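Asker: Sharing query-v5.cif here; it has mmCIF, C-alpha atoms and all ligand atoms.
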```cif
data_protein
#
loop_
_atom_site.label_atom_id
_atom_site.label_comp_id
_atom_site.auth_asym_id
_atom_site.auth_seq_id
_atom_site.Cartn_x
_atom_site.Cartn_y
_atom_site.Cartn_z
CA MET A 1 34.48 12.64 21.75
CA LYS A 2 31.33 12.04 23.81
CA ASN A 3 28.46 12.68 21.40
CA ARG A 4 25.92 9.89 21.77
CA ILE A 5 23.16 9.55 19.23
CA GLY A 6 19.66 8.45 20.21
CA LEU A 7 18.08 5.06 20.17
CA THR A 8 15.93 3.67 17.34
CA ARG A 9 12.19 3.22 17.87
CA PHE A 10 11.11 -0.37 17.12
CA LEU A 11 7.52 -1.30 16.32
CA ASP A 12 6.82 -5.02 16.18
CA CYS A 13 3.37 -6.41 15.29
CA ASP A 14 2.10 -6.11 18.89
CA ALA A 15 3.22 -2.48 19.08
CA MET A 16 1.72 -1.66 15.66
CA ALA A 17 -1.60 -3.33 16.54
CA GLY A 18 -1.62 -1.48 19.89
CA LEU A 19 -0.94 1.86 18.19
CA VAL A 20 -3.73 1.26 15.65
CA ARG A 21 -6.17 0.45 18.49
CA GLN A 22 -5.03 3.49 20.52
CA VAL A 23 -5.31 5.97 17.64
CA GLY A 24 -8.30 4.21 16.02
CA ILE A 25 -8.01 2.67 12.55
CA LEU A 26 -10.27 5.26 10.92
CA PRO A 27 -8.49 8.35 12.39
CA LEU A 28 -5.18 6.70 11.45
CA MET A 29 -6.35 6.26 7.86
CA GLN A 30 -7.49 9.90 7.80
CA GLN A 31 -4.08 11.11 9.02
CA MET A 32 -2.24 8.85 6.57
CA LEU A 33 -4.40 10.14 3.72
CA VAL A 34 -3.39 13.73 4.53
CA ALA A 35 0.31 12.77 4.70
CA MET A 36 0.13 10.75 1.47
CA ARG A 37 -1.61 13.53 -0.43
CA GLU A 38 1.04 16.01 0.82
CA ASP A 39 3.84 13.71 -0.32
CA TYR A 40 2.32 13.02 -3.75
CA VAL A 41 1.80 16.77 -4.32
CA ARG A 42 5.52 17.43 -3.65
CA TRP A 43 6.53 14.49 -5.92
CA PRO A 44 9.43 16.37 -7.65
CA GLU A 45 11.16 16.72 -4.26
CA PHE A 46 11.64 12.93 -3.98
CA GLU A 47 14.51 10.81 -5.24
CA LYS A 48 12.61 7.92 -6.84
CA SER A 49 13.34 4.62 -8.53
CA ALA A 50 11.45 1.50 -9.56
CA ARG A 51 11.78 -1.14 -6.85
CA LEU A 52 14.44 -3.83 -6.97
CA ALA A 53 12.73 -7.21 -7.46
CA VAL A 54 14.09 -10.73 -7.17
CA HIS A 55 11.74 -13.22 -8.83
CA SER A 56 11.36 -16.96 -8.34
CA PRO A 57 8.80 -19.33 -9.90
CA VAL A 58 6.58 -18.98 -6.79
CA GLY A 59 6.96 -15.35 -5.78
CA VAL A 60 8.90 -12.14 -5.56
CA ILE A 61 11.02 -10.32 -2.94
CA GLU A 62 11.39 -6.56 -3.34
CA LEU A 63 13.23 -3.58 -1.85
CA MET A 64 11.54 -0.18 -2.10
CA PRO A 65 13.72 2.87 -1.24
CA ILE A 66 12.84 6.58 -1.51
CA ALA A 67 14.07 9.86 0.01
CA ASP A 68 13.32 13.56 0.21
CA GLN A 69 15.84 16.09 1.54
CA ASN A 70 15.15 15.18 5.15
CA GLN A 71 14.15 11.54 5.40
CA PHE A 72 14.91 8.23 3.70
CA SER A 73 12.75 5.12 3.88
CA PHE A 74 12.81 1.60 2.55
CA LYS A 75 10.51 -1.40 2.70
CA TYR A 76 11.31 -5.08 2.30
CA VAL A 77 8.24 -6.86 0.93
CA ASN A 78 7.43 -10.17 -0.71
CA GLY A 79 4.54 -11.61 -2.69
CA HIS A 80 4.10 -15.40 -2.50
CA PRO A 81 0.49 -16.41 -3.32
CA GLY A 82 1.16 -20.00 -2.17
CA ASN A 83 2.21 -18.91 1.33
CA PRO A 84 -1.20 -19.20 3.11
CA ALA A 85 -1.14 -22.96 2.38
CA LEU A 86 2.26 -23.04 4.13
CA GLY A 87 1.01 -21.09 7.16
CA MET A 88 2.45 -17.71 6.14
CA PRO A 89 0.88 -14.54 4.70
CA THR A 90 1.10 -13.90 0.94
CA VAL A 91 2.57 -10.45 1.66
CA MET A 92 5.09 -9.87 4.51
CA ALA A 93 6.97 -6.65 5.08
CA PHE A 94 9.18 -4.59 7.34
CA GLY A 95 10.98 -1.30 6.84
CA ALA A 96 12.82 1.70 8.24
CA LEU A 97 12.79 5.48 8.29
CA ALA A 98 16.12 7.31 8.54
CA ASP A 99 17.43 10.84 8.95
CA VAL A 100 19.12 11.99 5.71
CA ALA A 101 21.42 14.45 7.52
CA THR A 102 23.15 11.68 9.49
CA GLY A 103 21.85 8.40 8.05
CA PHE A 104 20.59 7.43 11.52
CA PRO A 105 17.60 5.00 11.41
CA VAL A 106 14.96 6.62 13.65
CA LEU A 107 12.34 3.89 13.12
CA LEU A 108 12.44 0.16 12.42
CA SER A 109 8.95 -1.19 11.90
CA GLU A 110 6.87 -4.19 11.00
CA MET A 111 5.11 -3.31 7.74
CA THR A 112 2.80 -6.24 7.02
CA ILE A 113 -0.05 -4.59 8.93
CA LEU A 114 1.13 -1.15 7.82
CA THR A 115 1.09 -2.22 4.15
CA GLY A 116 -2.54 -3.28 4.52
CA ILE A 117 -3.41 0.19 5.82
CA ARG A 118 -1.23 2.16 3.39
CA THR A 119 -2.41 0.22 0.33
CA ALA A 120 -6.01 0.92 1.27
CA VAL A 121 -5.30 4.61 1.90
CA ALA A 122 -3.51 4.88 -1.47
CA SER A 123 -6.52 3.24 -3.16
CA ALA A 124 -8.86 5.70 -1.46
CA LEU A 125 -6.62 8.65 -2.35
CA ALA A 126 -6.77 7.68 -6.04
CA ALA A 127 -10.55 7.19 -5.78
CA THR A 128 -10.99 10.76 -4.46
CA VAL A 129 -10.03 12.01 -7.93
CA LEU A 130 -11.16 9.06 -10.10
CA ALA A 131 -14.41 7.63 -8.72
CA ARG A 132 -17.76 9.30 -9.34
CA LYS A 133 -18.76 11.48 -6.39
CA ASP A 134 -22.10 9.64 -6.16
CA ALA A 135 -20.46 6.17 -5.93
CA ARG A 136 -22.04 4.20 -3.05
CA THR A 137 -21.36 0.52 -3.86
CA MET A 138 -18.16 -1.46 -4.31
CA ALA A 139 -17.34 -5.01 -5.41
CA MET A 140 -14.49 -6.49 -3.38
CA ILE A 141 -13.00 -9.39 -5.38
CA GLY A 142 -10.42 -11.26 -3.31
CA ASN A 143 -11.22 -11.28 0.41
CA GLY A 144 -7.78 -12.11 1.83
CA ALA A 145 -5.46 -10.09 4.04
CA GLN A 146 -6.00 -6.74 2.26
CA ALA A 147 -9.81 -6.88 2.09
CA GLU A 148 -10.95 -5.35 5.40
CA PHE A 149 -8.47 -2.48 5.06
CA GLN A 150 -9.72 -1.68 1.56
CA ILE A 151 -13.36 -1.84 2.64
CA LEU A 152 -12.84 0.40 5.68
CA ALA A 153 -10.86 2.97 3.69
CA PHE A 154 -13.56 3.15 1.00
CA ALA A 155 -16.32 3.39 3.62
CA GLU A 156 -14.58 6.06 5.69
CA LEU A 157 -12.74 8.10 3.07
CA ILE A 158 -14.97 7.75 -0.02
CA GLY A 159 -18.44 7.20 1.47
CA ILE A 160 -19.11 3.73 0.06
CA GLN A 161 -21.96 2.07 1.95
CA GLN A 162 -22.49 -1.37 0.40
CA PHE A 163 -19.80 -3.89 -0.42
CA TYR A 164 -20.40 -6.99 -2.59
CA LEU A 165 -17.82 -9.61 -1.66
CA PHE A 166 -16.50 -12.51 -3.72
CA ASP A 167 -13.57 -14.88 -3.26
CA THR A 168 -12.93 -18.34 -4.71
CA ASP A 169 -12.41 -19.33 -1.06
CA PRO A 170 -15.78 -18.85 0.74
CA ALA A 171 -14.01 -18.98 4.13
CA ALA A 172 -12.10 -15.79 3.21
CA THR A 173 -15.38 -13.99 2.48
CA GLU A 174 -16.89 -15.23 5.76
CA LYS A 175 -13.80 -14.05 7.69
CA THR A 176 -14.11 -10.58 6.15
CA ILE A 177 -17.82 -10.34 6.98
CA GLN A 178 -17.17 -11.41 10.60
CA ASN A 179 -14.31 -8.93 11.06
CA LEU A 180 -16.39 -6.00 9.79
CA ARG A 181 -19.57 -6.86 11.72
CA GLY A 182 -18.88 -4.17 14.34
CA PHE A 183 -18.53 -1.30 11.84
CA PRO A 184 -21.99 0.26 11.42
CA ALA A 185 -21.15 2.23 8.24
CA VAL A 186 -20.22 -0.96 6.38
CA GLU A 187 -22.75 -3.34 4.85
CA CYS A 188 -21.14 -6.51 3.46
CA ILE A 189 -23.12 -8.69 1.06
CA PRO A 190 -21.64 -11.99 -0.19
CA ALA A 191 -21.97 -12.66 -3.94
CA MET A 192 -22.07 -16.00 -5.77
CA SER A 193 -19.56 -14.91 -8.43
CA ALA A 194 -17.24 -12.05 -9.33
CA ALA A 195 -19.60 -11.13 -12.18
CA GLU A 196 -22.55 -10.89 -9.77
CA ALA A 197 -20.58 -8.71 -7.35
CA MET A 198 -19.42 -6.43 -10.17
CA SER A 199 -22.88 -6.10 -11.72
CA ARG A 200 -24.03 -4.05 -8.72
CA ALA A 201 -20.94 -1.92 -8.15
CA ASP A 202 -19.92 1.70 -8.81
CA ILE A 203 -16.33 0.76 -7.89
CA ILE A 204 -14.58 -2.60 -8.39
CA THR A 205 -11.59 -3.46 -6.21
CA THR A 206 -9.58 -6.53 -7.22
CA ALA A 207 -7.20 -7.90 -4.57
CA THR A 208 -6.65 -11.46 -5.73
CA ALA A 209 -3.35 -13.31 -5.42
CA ASP A 210 -2.35 -15.74 -8.14
CA LYS A 211 0.98 -15.71 -9.95
CA THR A 212 -0.64 -15.92 -13.35
CA ARG A 213 -2.20 -13.84 -16.11
CA ALA A 214 -5.63 -14.00 -14.51
CA VAL A 215 -8.63 -12.19 -15.98
CA ILE A 216 -10.91 -11.10 -13.15
CA ILE A 217 -12.48 -8.19 -15.09
CA ARG A 218 -13.51 -8.51 -18.75
CA GLU A 219 -14.86 -5.82 -21.09
CA SER A 220 -18.35 -7.35 -20.64
CA ASP A 221 -18.19 -6.58 -16.87
CA LEU A 222 -17.86 -2.84 -17.48
CA ARG A 223 -20.60 -0.25 -17.18
CA PRO A 224 -20.21 3.46 -18.01
CA GLY A 225 -18.75 5.48 -15.13
CA ILE A 226 -17.23 2.58 -13.21
CA HIS A 227 -13.95 3.02 -11.32
CA ILE A 228 -11.57 0.03 -11.04
CA ASN A 229 -9.10 -0.14 -8.18
CA GLY A 230 -6.83 -2.99 -9.26
CA ILE A 231 -4.29 -3.87 -6.59
CA GLY A 232 -3.49 -7.56 -7.26
CA GLY A 233 -1.85 -7.24 -10.71
CA ASP A 234 1.49 -6.11 -9.35
CA CYS A 235 4.21 -8.33 -10.76
CA PRO A 236 5.48 -9.43 -14.20
CA GLY A 237 3.19 -12.27 -15.38
CA LYS A 238 0.59 -11.51 -12.64
CA THR A 239 -2.46 -9.59 -13.87
CA GLU A 240 -6.18 -9.22 -13.14
CA LEU A 241 -7.65 -7.14 -15.98
CA ALA A 242 -8.22 -8.07 -19.63
CA ALA A 243 -6.05 -5.88 -21.89
CA GLY A 244 -9.19 -4.52 -23.56
CA VAL A 245 -10.44 -3.19 -20.21
CA LEU A 246 -7.34 -1.00 -19.95
CA GLU A 247 -7.37 0.07 -23.59
CA GLY A 248 -10.82 1.61 -23.28
CA ALA A 249 -10.24 3.43 -19.99
CA ARG A 250 -8.40 6.34 -18.38
CA VAL A 251 -5.50 4.55 -16.66
CA VAL A 252 -3.79 6.16 -13.67
CA VAL A 253 -0.58 4.74 -12.19
CA GLN A 254 1.81 5.54 -9.38
CA TYR A 255 5.21 5.61 -11.13
CA GLU A 256 5.13 4.72 -14.82
CA PRO A 257 8.58 3.03 -15.10
CA GLN A 258 7.56 0.57 -12.34
CA THR A 259 3.94 0.01 -13.42
CA ARG A 260 4.88 -0.58 -17.07
CA VAL A 261 6.77 -3.70 -15.91
CA GLU A 262 4.63 -4.80 -12.95
CA GLY A 263 1.08 -3.50 -13.37
CA ASP A 264 -1.83 -4.72 -15.47
CA MET A 265 -0.41 -2.19 -17.93
CA GLN A 266 2.39 -4.67 -18.70
CA GLN A 267 -0.05 -6.08 -21.30
CA LEU A 268 -0.10 -2.82 -23.30
CA SER A 269 2.30 -1.48 -25.91
CA ALA A 270 4.93 1.16 -25.15
CA GLU A 271 2.79 3.74 -27.00
CA PHE A 272 0.05 3.60 -24.33
CA ARG A 273 0.45 6.61 -22.05
CA PRO A 274 -1.04 6.48 -18.55
CA VAL A 275 -1.42 9.46 -16.20
CA GLU A 276 0.63 9.45 -12.99
CA LEU A 277 -1.44 10.00 -9.82
CA TRP A 278 0.78 12.85 -8.59
CA GLU A 279 0.02 14.85 -11.76
CA ILE A 280 -3.69 14.83 -10.89
CA LEU A 281 -3.14 15.55 -7.19
CA ALA A 282 -0.77 18.42 -8.01
CA GLY A 283 -3.30 19.92 -10.45
CA ARG A 284 -1.23 19.20 -13.59
CA ALA A 285 -3.68 16.70 -15.09
CA GLU A 286 -7.39 16.07 -14.81
CA GLY A 287 -8.90 13.29 -12.71
CA ARG A 288 -12.24 11.83 -13.82
CA GLN A 289 -13.33 13.81 -16.90
CA SER A 290 -16.96 12.74 -17.24
CA ALA A 291 -19.65 10.75 -15.45
CA ASP A 292 -19.47 8.00 -18.11
CA GLU A 293 -15.72 7.58 -18.22
CA VAL A 294 -14.23 4.26 -17.06
CA THR A 295 -11.28 4.98 -14.78
CA ILE A 296 -8.62 2.53 -13.56
CA PHE A 297 -6.09 2.87 -10.75
CA ASP A 298 -3.51 0.27 -11.84
CA SER A 299 -1.93 0.04 -8.38
CA VAL A 300 1.30 -1.84 -7.78
CA GLY A 301 2.30 -0.01 -4.61
CA PHE A 302 4.98 2.69 -4.68
CA SER A 303 7.66 3.63 -2.16
CA ILE A 304 6.28 7.15 -1.59
CA GLU A 305 3.21 5.53 0.05
CA ASP A 306 5.45 3.60 2.46
CA PHE A 307 7.31 6.83 3.20
CA SER A 308 4.01 8.55 4.07
CA ALA A 309 2.90 5.56 6.16
CA LEU A 310 6.18 5.36 8.07
CA ARG A 311 6.33 9.08 8.83
CA THR A 312 2.71 8.99 10.01
CA VAL A 313 3.24 6.09 12.44
CA TRP A 314 6.63 7.45 13.55
CA LYS A 315 4.96 10.69 14.64
CA LEU A 316 2.09 8.85 16.35
CA ALA A 317 4.39 6.29 17.99
CA SER A 318 6.47 9.14 19.44
CA ILE A 319 3.33 10.82 20.85
CA HIS A 320 2.03 7.56 22.36
CA ASP A 321 5.46 6.16 23.22
CA SER A 322 4.64 2.95 21.35
CA GLY A 323 6.95 -0.01 20.98
CA HIS A 324 10.48 -0.07 22.34
CA THR A 325 13.61 1.96 21.82
CA ILE A 326 16.48 -0.30 20.85
CA GLU A 327 20.20 0.05 20.36
CA LEU A 328 20.15 -0.78 16.66
CA ILE A 329 23.22 1.40 16.15
CA PRO A 330 26.03 1.06 18.74
CA GLN A 331 26.01 3.72 21.47
CA LEU A 332 29.66 4.72 21.78
CA ASP A 333 31.48 7.22 23.97
CA ASP A 334 34.33 7.27 21.44
CA GLN A 335 32.84 7.01 17.94
CA LYS A 336 36.06 5.50 16.64
CA ASN A 337 36.12 2.77 19.27
CA LEU A 338 33.61 0.35 17.71
CA PHE A 339 35.69 -2.61 18.84
CA GLY A 340 35.28 -1.48 22.45
CA ARG A 341 31.49 -2.02 22.17
CA LEU A 342 32.14 -5.78 21.95
CA GLY A 343 33.18 -5.77 25.59
CA ILE A 344 35.82 -8.39 24.94
CA SER A 345 38.22 -8.67 27.85
CA PRO A 346 41.85 -8.60 26.81
CA PRO A 347 43.48 -12.01 27.13
CA LEU A 348 45.41 -12.36 30.36
P1 LIG B 401 -4.18 -13.07 0.19
O1 LIG B 401 -3.48 -14.27 -0.34
O2 LIG B 401 -4.32 -12.90 1.66
O3 LIG B 401 -5.65 -12.95 -0.45
C1 LIG B 401 -5.88 -13.14 -1.81
C2 LIG B 401 -7.26 -13.73 -1.97
O4 LIG B 401 -7.57 -13.80 -3.38
C3 LIG B 401 -7.40 -15.14 -1.42
O5 LIG B 401 -8.42 -15.19 -0.44
C4 LIG B 401 -7.73 -16.00 -2.66
O6 LIG B 401 -8.62 -17.06 -2.35
C5 LIG B 401 -8.38 -14.97 -3.56
N1 LIG B 401 -8.39 -15.29 -4.99
C6 LIG B 401 -7.38 -15.82 -5.73
N2 LIG B 401 -7.79 -15.95 -7.02
C7 LIG B 401 -9.06 -15.47 -7.08
C8 LIG B 401 -10.00 -15.31 -8.13
N3 LIG B 401 -9.72 -15.67 -9.38
N4 LIG B 401 -11.21 -14.78 -7.84
C9 LIG B 401 -11.51 -14.40 -6.56
N5 LIG B 401 -10.66 -14.53 -5.53
C10 LIG B 401 -9.44 -15.05 -5.78
O7 LIG B 401 -3.39 -11.81 -0.43
P2 LIG B 401 -3.48 -10.27 0.03
O8 LIG B 401 -2.40 -9.95 1.00
O9 LIG B 401 -4.89 -9.95 0.36
O10 LIG B 401 -3.07 -9.56 -1.33
C11 LIG B 401 -3.96 -9.55 -2.43
C12 LIG B 401 -3.21 -9.09 -3.67
O11 LIG B 401 -2.86 -7.71 -3.53
C13 LIG B 401 -1.91 -9.83 -3.90
O12 LIG B 401 -1.81 -10.12 -5.29
C14 LIG B 401 -0.83 -8.86 -3.48
O13 LIG B 401 0.37 -9.05 -4.18
C15 LIG B 401 -1.49 -7.55 -3.84
N6 LIG B 401 -1.02 -6.39 -3.07
C16 LIG B 401 -0.87 -5.22 -3.78
C17 LIG B 401 -0.49 -4.08 -3.11
C18 LIG B 401 -0.39 -2.79 -3.88
O14 LIG B 401 0.11 -1.81 -3.33
N7 LIG B 401 -0.88 -2.72 -5.08
C19 LIG B 401 -0.23 -4.10 -1.74
C20 LIG B 401 -0.42 -5.31 -1.04
C21 LIG B 401 -0.83 -6.44 -1.73
#
```
Using structure tokens, write down the structure from this file.
Answerer:
Amino acid sequence: MKNRIGLTRFLDCDAMAGLVRQVGILPLMQQMLVAMREDYVRWPEFEKSARLAVHSPVGVIELMPIADQNQFSFKYVNGHPGNPALGMPTVMAFGALADVATGFPVLLSEMTILTGIRTAVASALAATVLARKDARTMAMIGNGAQAEFQILAFAELIGIQQFYLFDTDPAATEKTIQNLRGFPAVECIPAMSAAEAMSRADIITTATADKTRAVIIRESDLRPGIHINGIGGDCPGKTELAAGVLEGARVVVQYEPQTRVEGDMQQLSAEFRPVELWEILAGRAEGRQSADEVTIFDSVGFSIEDFSALRTVWKLASIHDSGHTIELIPQLDDQKNLFGRLGISPPL
């Protein structure tokens, strides 16, 4: 039977970078925010699970699947804090989007760049319901690969104007300042210590990478009304917040079964009940409840955010004809003649 399926769109890093430049990083973040909010609001429609993680003494490799009735996505992602010293990023990722009706993979994409964008958009989405509306300053602790994305998302989507930067590696802070020099809405100010950066901030974002029980934020760093966007405590034995910081705050997570094991919340007892972000976005729970409340987004990254990111870039890549179309799945005239696709000549 002649019934050929289509080709798969493939976005490598060049194609992704080109698409981001073509669309503009800020409009792309805006569009992804809309898609992510839509997906979180229809949370019950998704088939969800905690990600599958394979741990080693130096890092983790994870698979993150999710599906609604129409589309399935997965991401492969790692976290190896020692990688930059070996000439590789700490976080590396790729993933796919497929059609549930047939199982056909419509998109195969790099997701290292995309994860930077989607993590920042997820942080901003949580901040829309958790940060004070008058927040104008943010401390950015950890100025590595994620930093510029976080800063741009908070400037564009939340209205933050001043960013106090600190990293144990001064070259990382300098790199971030240089990269953001051309963005007029962003003022970056280097700080001498994490405590100094935090002392001036309405929002604290932690994006450090160290496979240890680190304490970047202590109870003494808190002021009433602060919002913490903690993205680096995302693995068993890898945290950024003192347990007491969480105990005194309103803690919001993506998917409780995953965060309980991976997030800063791993330090708390089973009795501690966080709020899931979707509950707030869908109007089933309150976001920030008072101007003085300390709020925490204990972010570990959840598959629904990758789903939103992939469907956003798939739509845009189709409009702009980005990347290549590849024969990832064999194109066959006779679907039962897979062997024929090998093109092996019969022996004489
Ligand atoms: P990176 O290695 O590029 O940058 C991390 C930076 O943290 C480095 O510049 C390092 O010098 C700095 N650092 C380490 N310890 C520090 C400390 N005590 N104080 C200040 N700075 C310190 O890593 P990245 O890709 O930017 O990722 C940052 C973190 O975010 C990682 O832990 C990663 O696993 C996590 N992450 C989370 C999500 C999520 O969805 N929650 C997504 C992506 C990455």
Asker: Please, which residues have at least one atom within 6 Å of an atom of ligand LIG 401 (chain B), using only C-alpha atoms and all ligand atoms, listed as number ranges by chain?
Answerer: A: 79, 81, 90-91, 119, 141-146, 167-169, 172, 207-210, 231-232, 234, 299-301
Asker: I need the residue nearest Arg9 (chain A) from this list: A:Ile216, A:Met36, A:Leu342, A:Leu97. Use all atoms listed in the file for the distance.
Answerer: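 Ranked by minimum distance to Arg9 (chain A), first place goes to A:Leu97.
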Asker: Can you tell me, as an MDAnalysis selection string, what residues are no more than 12 Å from Tyr255 (chain A) when counting all atoms listed in the file, ignoring any on the same chain fewer than 2 positions away?
Answerer: chainID A and resid 40 43 48:51 252:253 257:263 265 273:279 297:305
Asker: Which residue is closest to Ser269 (chain A)? Choose from A:Glu247, A:Glu286, A:Glu187, A:Glu196 and count only C-alpha atoms.
Answerer: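 Nearest to Ser269 (chain A): A:Glu247.
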Asker: Tell me, as a list in words, which residues lie within 9 Å of Glu110 (chain A), counting all atoms listed in the file; anything in the same chain fewer than 4 positions away does not count.
Answerer: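 My list of contacting residues is Phe10, Leu11, Asp12, Cys13, Met16, Met92, Ala93, Phe94, Gly95, Ala96 and Leu114 of chain A.
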Asker: Within 8 Å of Ala53 (chain A), counting all atoms listed in the file, which residues qualify if same-chain residues fewer than 3 places away don't, as a list in words?
Answerer: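 Neighbouring residues, sequence-local ones excluded: Val60, Ile61, Glu62 and Leu63 of chain A.
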Asker: Those selected residues, please, written with C-alpha atoms and delivered as a tab-separated table (two decimals), keeping the file's coordinate frame.
Answerer:
```tsv
chain	number	residue	atom	x	y	z
A	60	VAL	CA	8.90	-12.14	-5.56
A	61	ILE	CA	11.02	-10.32	-2.94
A	62	GLU	CA	11.39	-6.56	-3.34
A	63	LEU	CA	13.23	-3.58	-1.85
```
Asker: Find the residue from A:Ala155, A:Leu268, A:Leu316, A:Ala242 that sits nearest to Ala124 (chain A); use only C-alpha atoms when measuring.
Answerer: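 The closest residue to Ala124 (chain A) is A:Ala155.
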Asker: Taking only residues of region 244-319 of chain A that have an atom at most 10 Å from an atom of region 224-227 of chain A, what is each one's shortest atom pair and its distance in Å to one decimal, using all atoms listed in the file, in chain and number order, as a tab-separated table?
Answerer:
```
residue	atom	partner	partner_atom	distance
A:Ala249	CA	A:His227	CA	9.4
A:Arg250	CA	A:His227	CA	9.6
A:Arg288	CA	A:Gly225	CA	9.2
A:Ser290	CA	A:Gly225	CA	7.8
A:Ala291	CA	A:Gly225	CA	5.4
A:Asp292	CA	A:Gly225	CA	4.0
A:Glu293	CA	A:Gly225	CA	4.8
A:Val294	CA	A:Gly225	CA	5.1
A:Thr295	CA	A:His227	CA	4.8
A:Ile296	CA	A:His227	CA	5.8
A:Phe297	CA	A:His227	CA	7.9
```
Asker: Can you work out which one of A:Leu281, A:Gln30, A:Met88, A:Ala147 has the shortest atom-to-atom distance to Thr128 (chain A), counting only C-alpha atoms?
Answerer: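 Result for the nearest residue to Thr128 (chain A): A:Leu281.
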Asker: When you draw a straight line from CA of Ala131 (chain A) to CA of Ala243 (chain A), how long is it in Å?
Answerer: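 Calculated distance between CA of Ala131 (chain A) and CA of Ala243 (chain A) is 20.6 Å.
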Asker: From the set A:Ser308, A:Gln178, A:Thr102, A:Thr206, which residue has the shortest atom-to-atom contact distance to Gln31 (chain A), counting all atoms listed in the file?
Answerer: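 Checking each of A:Ser308, A:Gln178, A:Thr102, A:Thr206 against Gln31 (chain A), counting all atoms listed in the file, the winner is A:Ser308.
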Asker: Can you measure CA of Ile160 (chain A) to CA of Ser199 (chain A) for me? One decimal in Å is fine.
Answerer: 15.8 Å
Asker: For Arg218 (chain A), which residue among A:Met198, A:Ala126, A:Met64, A:Ala285 is the nearest when counting only C-alpha atoms?
Answerer: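 Smallest distance to Arg218 (chain A) is found for A:Met198.
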Asker: Between CA of Ser322 (chain A) and CA of Gly18 (chain A), what distance in Å does the model show, to one decimal?
Answerer: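 Value for the CA of Ser322 (chain A)-CA of Gly18 (chain A) distance: 7.8 Å.
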Asker: Give me the residues within 8 Å of Thr205 (chain A) as a list in words, counting all atoms listed in the file and dropping any in the same chain fewer than 2 places off.
Answerer: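 So the residues in contact are Met138, Ala139, Met140, Ile141, Ile203, Ala207, Ile228, Asn229, Gly230 and Ile231 of chain A.
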Asker: Just the selected residues (C-alpha atoms), exported as a PDB file, in the frame of the given file, please.
Answerer:
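Wrote out_14.pdb, looks like this:
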```pdb
ATOM      1  CA  MET A 138     -18.160  -1.460  -4.310  1.00  0.00           C
ATOM      2  CA  ALA A 139     -17.340  -5.010  -5.410  1.00  0.00           C
ATOM      3  CA  MET A 140     -14.490  -6.490  -3.380  1.00  0.00           C
ATOM      4  CA  ILE A 141     -13.000  -9.390  -5.380  1.00  0.00           C
ATOM      5  CA  ILE A 203     -16.330   0.760  -7.890  1.00  0.00           C
ATOM      6  CA  ALA A 207      -7.200  -7.900  -4.570  1.00  0.00           C
ATOM      7  CA  ILE A 228     -11.570   0.030 -11.040  1.00  0.00           C
ATOM      8  CA  ASN A 229      -9.100  -0.140  -8.180  1.00  0.00           C
ATOM      9  CA  GLY A 230      -6.830  -2.990  -9.260  1.00  0.00           C
ATOM     10  CA  ILE A 231      -4.290  -3.870  -6.590  1.00  0.00           C
TER      11      ILE A 231
END
```
